[in-house]
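*Asks:* Just so it is clear, I am handing over run-v4.pdb, which has PDB, C-alpha atoms.
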```
ATOM      1  CA  MET A   1     -12.116 -18.361   2.997
ATOM      2  CA  MET A   2      -8.756 -18.685   4.754
ATOM      3  CA  PRO A   3      -7.220 -22.126   5.432
ATOM      4  CA  GLN A   4      -5.813 -20.930   8.743
ATOM      5  CA  GLN A   5      -6.616 -17.583  10.320
ATOM      6  CA  PRO A   6      -3.558 -15.453  11.165
ATOM      7  CA  LYS A   7      -2.996 -15.113  14.914
ATOM      8  CA  SER A   8      -0.535 -12.224  15.207
ATOM      9  CA  LEU A   9       0.239  -8.824  13.704
ATOM     10  CA  ALA A  10       3.149 -10.287  11.711
ATOM     11  CA  ALA A  11       0.945 -13.106  10.427
ATOM     12  CA  TRP A  12      -1.794 -10.695   9.370
ATOM     13  CA  LEU A  13       0.724  -8.466   7.584
ATOM     14  CA  ALA A  14       2.052 -11.496   5.721
ATOM     15  CA  PHE A  15      -1.471 -12.632   4.831
ATOM     16  CA  LEU A  16      -2.633  -9.204   3.660
ATOM     17  CA  GLY A  17       0.582  -8.772   1.685
ATOM     18  CA  GLN A  18      -0.411 -11.805  -0.409
ATOM     19  CA  ALA A  19      -4.182 -11.309  -0.359
ATOM     20  CA  ASP A  20      -6.177 -10.306  -3.407
ATOM     21  CA  ILE A  21      -7.834  -7.151  -2.117
ATOM     22  CA  PRO A  22     -11.568  -7.113  -2.861
ATOM     23  CA  VAL A  23     -13.386  -4.106  -4.310
ATOM     24  CA  LEU A  24     -16.952  -2.882  -4.063
ATOM     25  CA  LYS A  25     -19.544  -4.285  -6.465
ATOM     26  CA  TYR A  26     -20.437  -0.760  -7.597
ATOM     27  CA  THR A  27     -16.789  -0.118  -8.525
ATOM     28  CA  ALA A  28     -16.571  -3.270 -10.637
ATOM     29  CA  ARG A  29     -19.829  -2.383 -12.410
ATOM     30  CA  GLU A  30     -18.744   1.206 -13.144
ATOM     31  CA  LEU A  31     -15.313   0.171 -14.435
ATOM     32  CA  GLU A  32     -16.950  -2.420 -16.687
ATOM     33  CA  ARG A  33     -19.269   0.292 -18.037
ATOM     34  CA  LEU A  34     -16.359   2.653 -18.764
ATOM     35  CA  CYS A  35     -14.302  -0.116 -20.370
ATOM     36  CA  ALA A  36     -17.144  -0.902 -22.771
ATOM     37  CA  ASP A  37     -17.525   2.708 -23.986
ATOM     38  CA  GLU A  38     -14.617   4.227 -25.947
ATOM     39  CA  VAL A  39     -16.060   7.720 -25.463
ATOM     40  CA  LEU A  40     -16.033   7.386 -21.653
ATOM     41  CA  LEU A  41     -12.765   5.442 -21.449
ATOM     42  CA  ASN A  42     -10.155   7.892 -20.146
ATOM     43  CA  ALA A  43      -7.840   8.196 -17.166
ATOM     44  CA  ARG A  44      -9.897  10.902 -15.452
ATOM     45  CA  GLY A  45     -13.128   8.905 -15.567
ATOM     46  CA  ILE A  46     -11.454   5.747 -14.294
ATOM     47  CA  ALA A  47      -9.604   7.676 -11.571
ATOM     48  CA  ASN A  48     -12.917   9.103 -10.342
ATOM     49  CA  VAL A  49     -14.328   5.587  -9.959
ATOM     50  CA  VAL A  50     -11.166   4.205  -8.342
ATOM     51  CA  THR A  51     -10.885   7.033  -5.797
ATOM     52  CA  ASP A  52     -14.496   6.570  -4.728
ATOM     53  CA  ASP A  53     -13.539   3.121  -3.421
ATOM     54  CA  PRO A  54     -10.806   2.976  -0.749
ATOM     55  CA  LEU A  55     -10.291  -0.743  -1.376
ATOM     56  CA  MET A  56      -9.759  -0.270  -5.125
ATOM     57  CA  THR A  57      -7.491   2.701  -4.411
ATOM     58  CA  VAL A  58      -5.206   0.750  -2.090
ATOM     59  CA  LYS A  59      -5.265  -2.201  -4.506
ATOM     60  CA  LEU A  60      -3.939   0.052  -7.289
ATOM     61  CA  LEU A  61      -1.361   1.860  -5.127
ATOM     62  CA  ARG A  62      -0.024  -1.427  -3.767
ATOM     63  CA  TYR A  63       0.326  -2.768  -7.310
ATOM     64  CA  MET A  64       2.179   0.370  -8.436
ATOM     65  CA  GLN A  65       4.630   0.149  -5.523
ATOM     66  CA  THR A  66       5.464  -3.480  -6.332
ATOM     67  CA  HIS A  67       5.873  -2.731 -10.056
ATOM     68  CA  LYS A  68       7.868   0.509  -9.942
ATOM     69  CA  HIS A  69       9.730   1.751 -12.983
ATOM     70  CA  ARG A  70      13.494   2.037 -12.507
ATOM     71  CA  ASN A  71      13.379   5.772 -13.175
ATOM     72  CA  GLN A  72      10.543   6.455 -10.723
ATOM     73  CA  LYS A  73      12.057   8.742  -8.079
ATOM     74  CA  TYR A  74       8.984   9.431  -5.955
ATOM     75  CA  GLU A  75       6.007   7.593  -4.491
ATOM     76  CA  LEU A  76       2.804   7.697  -6.526
ATOM     77  CA  VAL A  77      -0.253   8.942  -4.644
ATOM     78  CA  ASP A  78      -2.154  10.551  -7.530
ATOM     79  CA  VAL A  79      -4.414   7.847  -9.000
ATOM     80  CA  LYS A  80      -4.842   9.564 -12.367
ATOM     81  CA  GLU A  81      -1.064   9.915 -12.679
ATOM     82  CA  ALA A  82      -0.661   6.222 -11.826
ATOM     83  CA  LEU A  83      -3.181   5.266 -14.515
ATOM     84  CA  LEU A  84      -1.421   7.413 -17.117
ATOM     85  CA  MET A  85       1.916   5.888 -16.165
ATOM     86  CA  MET A  86       0.779   2.265 -16.443
ATOM     87  CA  GLY A  87      -1.734   2.686 -19.284
ATOM     88  CA  LEU A  88      -5.427   1.826 -19.230
ATOM     89  CA  ASP A  89      -5.041  -1.568 -20.931
ATOM     90  CA  ALA A  90      -2.476  -2.605 -18.311
ATOM     91  CA  PHE A  91      -4.741  -1.329 -15.522
ATOM     92  CA  PHE A  92      -7.679  -3.499 -16.560
ATOM     93  CA  ARG A  93      -5.384  -6.470 -17.142
ATOM     94  CA  GLU A  94      -3.163  -6.230 -14.037
ATOM     95  CA  VAL A  95      -5.506  -4.696 -11.445
ATOM     96  CA  PRO A  96      -8.874  -6.299 -12.189
ATOM     97  CA  ALA A  97     -11.885  -5.193 -10.139
ATOM     98  CA  MET A  98     -12.245  -8.517  -8.362
ATOM     99  CA  PRO A  99     -12.918 -10.275  -6.067
ATOM    100  CA  ILE A 100     -16.080  -8.488  -4.956
ATOM    101  CA  ALA A 101     -16.344  -7.542  -1.271
ATOM    102  CA  GLU A 102     -20.100  -8.175  -1.206
ATOM    103  CA  ASP A 103     -19.497 -11.733  -2.478
ATOM    104  CA  ILE A 104     -16.746 -12.424   0.063
ATOM    105  CA  LEU A 105     -19.015 -11.295   2.915
ATOM    106  CA  HIS A 106     -22.154 -12.960   1.546
ATOM    107  CA  GLY A 107     -22.439 -15.097   4.689
ATOM    108  CA  HIS A 108     -21.575 -12.222   7.032
ATOM    109  CA  ILE A 109     -24.246  -9.602   6.425
ATOM    110  CA  GLU A 110     -23.549  -7.716   9.681
ATOM    111  CA  ALA A 111     -19.880  -7.382   8.765
ATOM    112  CA  LEU A 112     -20.786  -6.260   5.231
ATOM    113  CA  VAL A 113     -23.022  -3.530   6.654
ATOM    114  CA  GLN A 114     -20.164  -2.341   8.892
ATOM    115  CA  LEU A 115     -17.712  -2.396   5.971
ATOM    116  CA  LEU A 116     -20.060  -0.306   3.827
ATOM    117  CA  HIS A 117     -20.612   2.165   6.691
ATOM    118  CA  THR A 118     -16.820   2.528   7.080
ATOM    119  CA  VAL A 119     -16.388   3.013   3.327
ATOM    120  CA  ARG A 120     -19.144   5.636   3.265
ATOM    121  CA  ARG A 121     -17.469   7.588   6.074
ATOM    122  CA  ALA A 122     -14.145   7.384   4.211
ATOM    123  CA  GLN A 123     -15.757   8.718   1.017
ATOM    124  CA  ARG A 124     -17.272  11.651   2.873
ATOM    125  CA  SER A 125     -14.115  12.491   4.819
ATOM    126  CA  ALA A 126     -12.069  12.352   1.586
ATOM    127  CA  HIS A 127     -14.529  14.767  -0.028
ATOM    128  CA  TYR A 128     -14.261  17.203   2.898
ATOM    129  CA  ALA A 129     -10.472  16.938   3.167
ATOM    130  CA  PHE A 130      -9.930  17.538  -0.559
ATOM    131  CA  ASP A 131     -12.214  20.575  -0.559
ATOM    132  CA  TRP A 132     -10.441  22.053   2.462
ATOM    133  CA  ALA A 133      -7.007  21.325   0.965
ATOM    134  CA  LEU A 134      -7.985  23.354  -2.102
ATOM    135  CA  ARG A 135      -9.245  26.192   0.108
ATOM    136  CA  LEU A 136      -5.894  26.113   1.941
ATOM    137  CA  HIS A 137      -4.025  26.198  -1.413
ATOM    138  CA  ASP A 138      -2.344  22.860  -0.616
ATOM    139  CA  LEU A 139      -0.113  21.995  -3.564
ATOM    140  CA  HIS A 140      -0.575  18.287  -2.844
ATOM    141  CA  ALA A 141      -4.343  18.174  -2.370
ATOM    142  CA  GLU A 142      -4.526  14.768  -4.062
ATOM    143  CA  GLU A 143      -2.358  13.219  -1.339
ATOM    144  CA  VAL A 144      -4.696  14.711   1.270
ATOM    145  CA  HIS A 145      -7.677  13.228  -0.583
ATOM    146  CA  VAL A 146      -6.163   9.736  -0.835
ATOM    147  CA  SER A 147      -4.911   9.809   2.770
ATOM    148  CA  ALA A 148      -8.383  10.690   4.073
ATOM    149  CA  LEU A 149      -9.844   7.897   1.938
ATOM    150  CA  LEU A 150      -7.350   5.354   3.332
ATOM    151  CA  TYR A 151      -7.300   6.610   6.941
ATOM    152  CA  HIS A 152      -9.143   3.472   8.116
ATOM    153  CA  VAL A 153      -8.142   1.053   5.357
ATOM    154  CA  ALA A 154      -6.751  -1.512   7.836
ATOM    155  CA  GLU A 155     -10.178  -1.653   9.492
ATOM    156  CA  MET A 156     -11.852  -2.172   6.102
ATOM    157  CA  LEU A 157      -9.491  -5.016   5.241
ATOM    158  CA  MET A 158     -10.184  -6.683   8.581
ATOM    159  CA  TRP A 159     -13.935  -6.442   7.986
ATOM    160  CA  CYS A 160     -13.333  -8.238   4.669
ATOM    161  CA  PHE A 161     -10.984 -10.948   5.924
ATOM    162  CA  ASN A 162     -11.729 -11.238   9.644
ATOM    163  CA  PRO A 163     -15.460 -10.522  10.100
ATOM    164  CA  GLY A 164     -15.932 -12.800  13.113
ATOM    165  CA  GLN A 165     -13.401 -11.111  15.377
ATOM    166  CA  MET A 166     -14.375  -7.645  14.153
ATOM    167  CA  LEU A 167     -17.994  -8.307  15.166
ATOM    168  CA  GLU A 168     -16.760  -9.639  18.510
ATOM    169  CA  ILE A 169     -14.889  -6.354  19.095
ATOM    170  CA  GLN A 170     -17.989  -4.371  18.198
ATOM    171  CA  LYS A 171     -20.212  -6.387  20.561
ATOM    172  CA  LEU A 172     -17.783  -6.005  23.477
ATOM    173  CA  GLN A 173     -17.733  -2.246  22.987
ATOM    174  CA  ALA A 174     -21.517  -2.082  22.675
ATOM    175  CA  ALA A 175     -21.833  -3.979  25.963
ATOM    176  CA  ASP A 176     -19.421  -1.587  27.714
ATOM    177  CA  PRO A 177     -19.080   1.829  26.007
ATOM    178  CA  THR A 178     -16.343   2.824  28.496
ATOM    179  CA  LEU A 179     -13.932   0.326  26.930
ATOM    180  CA  ARG A 180     -11.243   1.922  24.794
ATOM    181  CA  SER A 181     -11.112   0.640  21.212
ATOM    182  CA  ALA A 182      -7.387  -0.129  21.442
ATOM    183  CA  GLU A 183      -7.883  -2.224  24.588
ATOM    184  CA  VAL A 184     -10.644  -4.349  23.035
ATOM    185  CA  GLN A 185      -8.686  -4.793  19.802
ATOM    186  CA  LYS A 186      -5.638  -5.916  21.779
ATOM    187  CA  GLN A 187      -7.771  -8.337  23.766
ATOM    188  CA  VAL A 188      -9.424  -9.932  20.708
ATOM    189  CA  LEU A 189      -6.769  -9.600  17.998
ATOM    190  CA  GLY A 190      -3.556  -9.375  20.045
ATOM    191  CA  PHE A 191      -2.727  -5.995  18.468
ATOM    192  CA  THR A 192      -4.444  -2.662  17.799
ATOM    193  CA  GLY A 193      -5.942  -1.379  14.580
ATOM    194  CA  LEU A 194      -3.520   1.544  14.726
ATOM    195  CA  GLU A 195      -0.548  -0.837  14.793
ATOM    196  CA  LEU A 196      -1.880  -2.679  11.751
ATOM    197  CA  GLN A 197      -2.611   0.571   9.894
ATOM    198  CA  ARG A 198       0.890   1.881  10.617
ATOM    199  CA  GLN A 199       2.652  -1.279   9.446
ATOM    200  CA  LEU A 200       0.547  -1.553   6.291
ATOM    201  CA  THR A 201       1.338   2.077   5.483
ATOM    202  CA  ILE A 202       5.068   1.396   5.860
ATOM    203  CA  GLU A 203       5.190  -1.958   4.065
ATOM    204  CA  TRP A 204       2.921  -0.949   1.185
ATOM    205  CA  LYS A 205       4.566   2.498   0.900
ATOM    206  CA  LEU A 206       1.240   4.314   1.127
ATOM    207  CA  PRO A 207       1.179   8.154   1.240
ATOM    208  CA  GLU A 208       3.552   9.616   3.816
ATOM    209  CA  LEU A 209       0.696  11.702   5.183
ATOM    210  CA  LEU A 210      -0.887   8.482   6.504
ATOM    211  CA  LEU A 211       2.194   7.955   8.682
ATOM    212  CA  ASN A 212       2.110  11.573   9.804
ATOM    213  CA  LEU A 213      -1.466  11.053  10.979
ATOM    214  CA  MET A 214      -0.133   8.530  13.515
ATOM    215  CA  ASP A 215       2.812  10.696  14.629
ATOM    216  CA  PRO A 216       2.096  12.828  17.739
ATOM    217  CA  ALA A 217       4.771  15.309  16.614
ATOM    218  CA  GLN A 218       2.701  16.086  13.489
ATOM    219  CA  THR A 219      -0.600  16.694  15.301
ATOM    220  CA  ASN A 220      -0.678  20.452  14.735
ATOM    221  CA  THR A 221       0.338  20.516  11.081
ATOM    222  CA  ALA A 222      -2.391  21.803   8.749
ATOM    223  CA  ARG A 223      -2.541  18.663   6.584
ATOM    224  CA  VAL A 224      -2.831  16.292   9.545
ATOM    225  CA  ARG A 225      -5.482  18.498  11.156
ATOM    226  CA  ASN A 226      -7.339  18.603   7.841
ATOM    227  CA  VAL A 227      -7.599  14.814   7.502
ATOM    228  CA  LYS A 228      -8.394  14.194  11.168
ATOM    229  CA  LEU A 229     -11.076  16.877  11.292
ATOM    230  CA  ALA A 230     -12.597  15.533   8.071
ATOM    231  CA  ALA A 231     -12.690  12.021   9.579
ATOM    232  CA  ASN A 232     -14.281  13.375  12.769
ATOM    233  CA  LEU A 233     -16.925  15.282  10.833
ATOM    234  CA  ALA A 234     -17.782  12.247   8.696
ATOM    235  CA  ARG A 235     -18.065  10.033  11.800
ATOM    236  CA  HIS A 236     -20.167  12.434  13.859
ATOM    237  CA  SER A 237     -22.475  13.521  11.017
ATOM    238  CA  ALA A 238     -23.116   9.854  10.156
ATOM    239  CA  GLN A 239     -24.981   9.736  13.488
ATOM    240  CA  GLY A 240     -27.182  12.663  12.376
ATOM    241  CA  TRP A 241     -26.650  16.381  11.793
ATOM    242  CA  ASP A 242     -27.984  17.058  15.304
ATOM    243  CA  ASN A 243     -25.066  15.175  16.918
ATOM    244  CA  ASP A 244     -23.726  17.102  19.943
ATOM    245  CA  ALA A 245     -20.086  16.649  18.860
ATOM    246  CA  LEU A 246     -20.612  18.623  15.649
ATOM    247  CA  SER A 247     -20.422  22.033  17.340
ATOM    248  CA  ASP A 248     -16.841  21.257  18.415
ATOM    249  CA  ASP A 249     -16.082  20.006  14.905
ATOM    250  CA  TYR A 250     -17.348  23.251  13.364
ATOM    251  CA  ARG A 251     -15.231  25.315  15.750
ATOM    252  CA  GLU A 252     -12.034  23.358  15.011
ATOM    253  CA  ILE A 253     -12.649  23.349  11.250
ATOM    254  CA  ALA A 254     -13.309  27.092  11.422
ATOM    255  CA  ALA A 255      -9.898  27.605  13.028
ATOM    256  CA  LEU A 256      -8.271  25.540  10.261
ATOM    257  CA  LEU A 257     -10.027  27.369   7.413
ATOM    258  CA  ARG A 258     -10.070  30.788   9.117
ATOM    259  CA  MET A 259     -13.849  30.967   8.869
ATOM    260  CA  GLU A 260     -16.702  31.454  11.303
ATOM    261  CA  PRO A 261     -18.206  28.223  12.727
ATOM    262  CA  ASP A 262     -21.666  29.010  11.318
ATOM    263  CA  LYS A 263     -20.121  29.422   7.837
ATOM    264  CA  VAL A 264     -18.446  26.011   8.251
ATOM    265  CA  ALA A 265     -21.791  24.448   9.199
ATOM    266  CA  ALA A 266     -23.396  25.923   6.087
ATOM    267  CA  LEU A 267     -20.461  24.721   3.967
ATOM    268  CA  VAL A 268     -20.518  21.063   5.048
ATOM    269  CA  LYS A 269     -24.199  20.359   5.639
ATOM    270  CA  PRO A 270     -26.093  18.850   2.714
ATOM    271  CA  ALA A 271     -28.635  21.129   1.082
ATOM    272  CA  PRO A 272     -32.195  20.526   2.306
ATOM    273  CA  ALA A 273     -34.281  18.351   0.024
ATOM    274  CA  ILE A 274     -36.765  20.203  -2.178
ATOM    275  CA  VAL A 275     -40.259  18.877  -1.574
TER     276      VAL A 275
END
```
Mind turning the file's structure into structure tokens?
*Replies:*
Amino acid sequence: MMPQQPKSLAAWLAFLGQADIPVLKYTARELERLCADEVLLNARGIANVVTDDPLMTVKLLRYMQTHKHRNQKYELVDVKEALLMMGLDAFFREVPAMPIAEDILHGHIEALVQLLHTVRRAQRSAHYAFDWALRLHDLHAEEVHVSALLYHVAEMLMWCFNPGQMLEIQKLQAADPTLRSAEVQKQVLGFTGLELQRQLTIEWKLPELLLNLMDPAQTNTARVRNVKLAANLARHSAQGWDNDALSDDYREIAALLRMEPDKVAALVKPAPAIV
């Protein structure tokens, strides 16, 4: 897949800066369906598909930042606004839904499973964060949504392009749960995932909120707390709704939303299936 695997943070940044970011197979299929139906073909429908896939979202945002209009005075984080600005024909022509992540990882099924798990957590945390932003009357709820979706985008890209070392990191941590993620990443990759995420955010001019999430001085701001708590809830609930960490999550989310913890639990838990 790669003629020579990058060996440093700078080399990975250079590689990813030139890489054709893959998208999920479901995304490609849905966009093809919308493109073929003039009734369904509109910016809102396409934006809904794009923002359900963190890889497609970052692919579009990166394209928009490298093809900015001269009169564009601010960074685009609203996907629907980006689509309206560039036009739907240009979107399908310039940001095609390919290559397909499932095809790239065809020979690395374990890595594909981990990528899809990470994407699923991102989708859920983005859903939570957007809902809470609306409840908090955040005037930039879309930036909160996109930031939650892209909170772990560096990890997703590494699953796509560096499955071997990512699986090695996972196995080392499974063998010794006391190991800190950053230490294992440094040992295997030579840098941490946080360092890669930070540099990608800066170089690709991703939403400023993503940088704030990595800034200790911003820890107590409502928007940072929103995204981090949404990510925590998505991670812990993925292990089952009886996970011990969820009670702390409910309490912290309750403080953010000024609700009672039991009301938060009722708000975020899926409705029981009707038998």
*Asks:* Can you list, as number ranges by chain, the residues that the PyMOL selection byres ((chain A and resi 249) around 9) selects here?
*Replies:* A: 229-230, 232-233, 236, 245-248, 250-254, 261
*Asks:* Set the distance at 7 Å and use all atoms listed in the file: which residues neighbour stretch 3-17 of chain A once local chain neighbours fewer than 5 positions away are removed? I'd like the list as a list in words.
*Replies:* Gly190, Phe191 and Leu196 of chain A
*Asks:* Given the selection you just returned, output its residues as a file containing C-alpha atoms, formatted as a compact mmCIF listing (two decimals), keeping the file's coordinate frame.
*Replies:*
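Result file out.txt:
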```txt
# COMPACT_ATOMS: atom_id res chain seq x y z
CA GLY A 190 -3.56 -9.38 20.05
CA PHE A 191 -2.73 -6.00 18.47
CA LEU A 196 -1.88 -2.68 11.75
```
*Asks:* Give as a PyMOL selection string each residue that has an atom at most 12 Å from (-10.0, 0.3, -6.7) in the file, counting all atoms listed in the file.
*Replies:* chain A and resi 20-31+46-63+79+83+91-92+94-101+146+149-150
*Asks:* Once you count all atoms listed in the file, what closest atom pair and distance in Å to one decimal does each residue of stretch 102-187 of chain A within 9 Å of stretch 207-210 of chain A have, with rows by chain and rising residue number, as CSV?
*Replies:*
```
residue,atom,partner,partner_atom,distance
A:Glu143,CA,A:Pro207,CA,6.7
A:Val144,CA,A:Leu209,CA,7.3
A:Val146,CA,A:Pro207,CA,7.8
A:Ser147,CA,A:Leu210,CA,5.6
A:Ala148,CA,A:Leu210,CA,8.2
A:Leu150,CA,A:Leu210,CA,7.8
A:Tyr151,CA,A:Leu210,CA,6.7
```
*Asks:* What is the atom CA of A:Leu189 to atom CA of A:Glu203 distance in Å?
*Replies:*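 For atom CA of A:Leu189 relative to atom CA of A:Glu203, the distance reads 19.9 Å.
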*Asks:* For the structure provided, state which residues fall under the PyMOL selection byres ((chain A and resi 158-161) around 8), and present them as JSON, numbers by chain.
*Replies:* {"A": [22, 101, 104, 105, 111, 112, 114, 115, 154, 155, 156, 157, 162, 163, 166]}
*Asks:* Separation of atom CA of A:Val119 and atom CA of A:Thr66, in Å?
*Replies:*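 So the answer is 24.8 Å.
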*Asks:* Could you work out how far atom CA of A:His117 lies from atom CA of A:Arg235, giving the answer in Å with one decimal?
*Replies:* 9.7 Å
*Asks:* So, with only C-alpha atoms as the atoms that count, which of A:Ala265, A:Glu110, A:Gly87, A:Tyr128 lies closest to A:Lys171?
*Replies:* A:Glu110
*Asks:* For A:Arg124, which residue among A:Val188, A:Val227, A:Leu34, A:Leu194 is the nearest when counting only C-alpha atoms?
*Replies:*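 Among the listed residues, the smallest separation from A:Arg124 belongs to A:Val227.
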*Asks:* Just say which residues the PyMOL selection byres ((chain A and resi 182) around 10) picks in this file, as a compact mmCIF listing (two decimals) with C-alpha atoms, in the frame of the given file.
*Replies:*
```txt
# COMPACT_ATOMS: atom_id res chain seq x y z
CA LEU A 179 -13.93 0.33 26.93
CA ARG A 180 -11.24 1.92 24.79
CA SER A 181 -11.11 0.64 21.21
CA GLU A 183 -7.88 -2.22 24.59
CA VAL A 184 -10.64 -4.35 23.04
CA GLN A 185 -8.69 -4.79 19.80
CA LYS A 186 -5.64 -5.92 21.78
CA GLN A 187 -7.77 -8.34 23.77
CA PHE A 191 -2.73 -6.00 18.47
CA THR A 192 -4.44 -2.66 17.80
CA GLY A 193 -5.94 -1.38 14.58
CA LEU A 194 -3.52 1.54 14.73
CA GLU A 195 -0.55 -0.84 14.79
```
*Asks:* When distances are computed from only C-alpha atoms, which of A:Asn220, A:Gln65, A:Met86, A:Pro270 shows the smallest separation from A:Thr201?
*Replies:*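 Closest to A:Thr201, using only C-alpha atoms: A:Gln65.
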*Asks:* Here is a test: counting only C-alpha atoms, which residue of A:Ala174, A:His127, A:Leu213, A:Arg198 is nearest to A:Val268?
*Replies:*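 Result for the nearest residue to A:Val268: A:His127.
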*Asks:* For A:Ile109, which of A:Leu167, A:His67, A:Gln218, A:Gln199 is the closest residue, counting all atoms listed in the file?
*Replies:*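 When distances to A:Ile109 are compared using all atoms listed in the file, the smallest one comes from A:Leu167.
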